[in-house]
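**Q** I'd like to ask you about the structure that follows.
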Amino acid sequence: MATTTVPEVTKKAPPVTLTPNAVAKVKEIMGQQNPVPAGLRIGVVGGGCSGFSYSMQFENGAGMMDKTFDMEGLKVFVDATSVMYLNGCIVDYVETLEGAGFKFENPNVKSTCGCGSSFSV
């Protein structure tokens with residue numbers, strides 16, 4: 001008999017917050033995917049000029065070590081290691097004359113690289 005594990009949506013405050021603009025844009029992009037993903041994974045990965053960089057990707061389900069958070073109906077998966085680096089982080093979606101994209105504001109960052117795509121803590 002096979003058993004499946006259904007990740008529990010965590011009731012605690014999420015380590016990362018998505019602004020309403022960011023949630024709306026993620027939902028818009030997700031709606032264009034076929035099949036529609038289960039949620040969004042936000043994490044921190046090693047690499048870049050300063051040591052770490054952010055990652056965002058769609059997922060079909062949570063991993064065994066993930067924390068799952070509900071943000072305005074959007075499931076957000078964060079792995080256990082990334083939680084400590086993202087604590088207090090705010091993700092916004094911004095559109096300017098220079099371009100559009102997701103912007104991370106992380107109070108844990110000590111320095112960033114010149115290109116702005118990586119950081120150190």
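Every chain in the structure tokens takes a letter, A first, then B, and so on in the order presented; its residues are numbered from 1, and the ligands are numbered from 1 following the presented order.
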Any chance you could tabulate, as a Markdown table, the residues of segment 75-107 of chain A at most 9 Å from segment 16-31 of chain A with each one's nearest atom pair and distance in Å to one decimal, using only C-alpha atoms, in chain and rising number order?

**A**
| residue | atom | partner | partner_atom | distance |
| --- | --- | --- | --- | --- |
| A:Val78 | CA | A:Val16 | CA | 8.7 |
| A:Val83 | CA | A:Val16 | CA | 8.0 |
| A:Leu86 | CA | A:Val16 | CA | 5.7 |
| A:Asn87 | CA | A:Val16 | CA | 6.0 |
| A:Gly88 | CA | A:Val16 | CA | 5.7 |
| A:Cys89 | CA | A:Val16 | CA | 4.8 |
| A:Ile90 | CA | A:Thr17 | CA | 4.8 |
| A:Val91 | CA | A:Leu18 | CA | 4.8 |
| A:Asp92 | CA | A:Ala22 | CA | 5.0 |
| A:Tyr93 | CA | A:Ala22 | CA | 4.6 |
| A:Val94 | CA | A:Asn21 | CA | 7.8 |
| A:Phe102 | CA | A:Ala22 | CA | 7.1 |
| A:Asn106 | CA | A:Val16 | CA | 8.9 |

**Q** Calculate how many Å separate atom CA of Gly73 of chain A from atom CA of Gln33 of chain A, rounding to one decimal.

**A**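 Spanning atom CA of Gly73 of chain A to atom CA of Gln33 of chain A is a straight-line distance of 17.0 Å.
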
**Q** One number please: atom CA of Lys103 of chain A to atom CA of Gln57 of chain A, in Å, one decimal.

**A**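 Between atom CA of Lys103 of chain A and atom CA of Gln57 of chain A the gap is 14.7 Å.
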
**Q** Excluding Ser55 of chain A and residues on its chain fewer than 3 positions from it, collect all residues at most 8 Å away from it, counting only C-alpha atoms, and give them as a list in words.

**A**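 Listing them by chain and then by number gives Arg41, Ile42, Gly43, Val44 and Val45 of chain A.
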
**Q** Step one, run DSSP on the backbone; step two, keep only residues of segment 10-98 of chain A assigned to alpha helix (DSSP H); then write them as number ranges by chain.

**A** A: 20-31, 80-86

**Q** Rounded to one decimal in Å, what is the spacing between atom CA of Gly46 of chain A and atom CA of Glu72 of chain A?

**A**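 Going from atom CA of Gly46 of chain A over to atom CA of Glu72 of chain A covers 29.3 Å.
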
**Q** Could you check the closest approach to Phe58 of chain A for each of A:Met84, A:Leu97, A:Val36, A:Val109 and tell me which residue wins, using only C-alpha atoms?

**A**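 Checking each candidate against Phe58 of chain A, we get A:Val36 as the closest.
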
**Q** Mind the document's chain letters and residue numbers, and return as a ChimeraX atom specification the residues of segment 23-111 of chain A that DSSP labels strand (DSSP E).

**A** /A:39-46,52-59,66-71,74-79,89-96,99-105,111

**Q** Identify, on the basis of only C-alpha atoms, every residue whose closest approach to Lys67 of chain A does not exceed 7 Å; exclude the query and any residue fewer than 2 positions from it along the same chain; express the result as a ChimeraX atom specification.

**A** /A:10,65,69,77-80

**Q** Quick one: write out the picked residues with N, CA and C atoms as a PDB file, in the first residue's frame?

**A**
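Printed below is out.pdb as written:
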ATOM      1  N   THR A  10       1.707  25.935   6.400  1.00  0.00           N
ATOM      2  CA  THR A  10       2.169  26.454   7.677  1.00  0.00           C
ATOM      3  C   THR A  10       1.341  27.667   8.078  1.00  0.00           C
ATOM      4  N   MET A  65      11.284  18.588   2.648  1.00  0.00           N
ATOM      5  CA  MET A  65      11.820  19.533   3.633  1.00  0.00           C
ATOM      6  C   MET A  65      11.289  20.954   3.445  1.00  0.00           C
ATOM      7  N   PHE A  69       3.473  27.981   2.345  1.00  0.00           N
ATOM      8  CA  PHE A  69       2.748  29.139   2.834  1.00  0.00           C
ATOM      9  C   PHE A  69       1.697  29.539   1.813  1.00  0.00           C
ATOM     10  N   PHE A  77       6.389  27.681  -1.771  1.00  0.00           N
ATOM     11  CA  PHE A  77       7.222  26.651  -1.153  1.00  0.00           C
ATOM     12  C   PHE A  77       8.604  27.240  -0.884  1.00  0.00           C
ATOM     13  N   VAL A  78       9.091  27.043   0.355  1.00  0.00           N
ATOM     14  CA  VAL A  78      10.429  27.494   0.735  1.00  0.00           C
ATOM     15  C   VAL A  78      11.128  26.325   1.410  1.00  0.00           C
ATOM     16  N   ASP A  79      12.320  25.970   0.908  1.00  0.00           N
ATOM     17  CA  ASP A  79      13.050  24.861   1.524  1.00  0.00           C
ATOM     18  C   ASP A  79      13.628  25.300   2.864  1.00  0.00           C
ATOM     19  N   ALA A  80      13.899  24.327   3.725  1.00  0.00           N
ATOM     20  CA  ALA A  80      14.321  24.600   5.100  1.00  0.00           C
ATOM     21  C   ALA A  80      15.596  25.439   5.170  1.00  0.00           C
TER      22      ALA A  80
END

**Q** Out of A:Glu59, A:Asn34, A:Gly39, A:Gly51, which residue has the shortest atom-to-atom distance to Lys75 of chain A when counting only C-alpha atoms?

**A**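 Closest candidate: A:Gly39.
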
**Q** Closest to Pro14 of chain A among A:Ala100, A:Thr68, A:Ala62, A:Pro37, using only C-alpha atoms?

**A**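 Closest to Pro14 of chain A, using only C-alpha atoms: A:Thr68.
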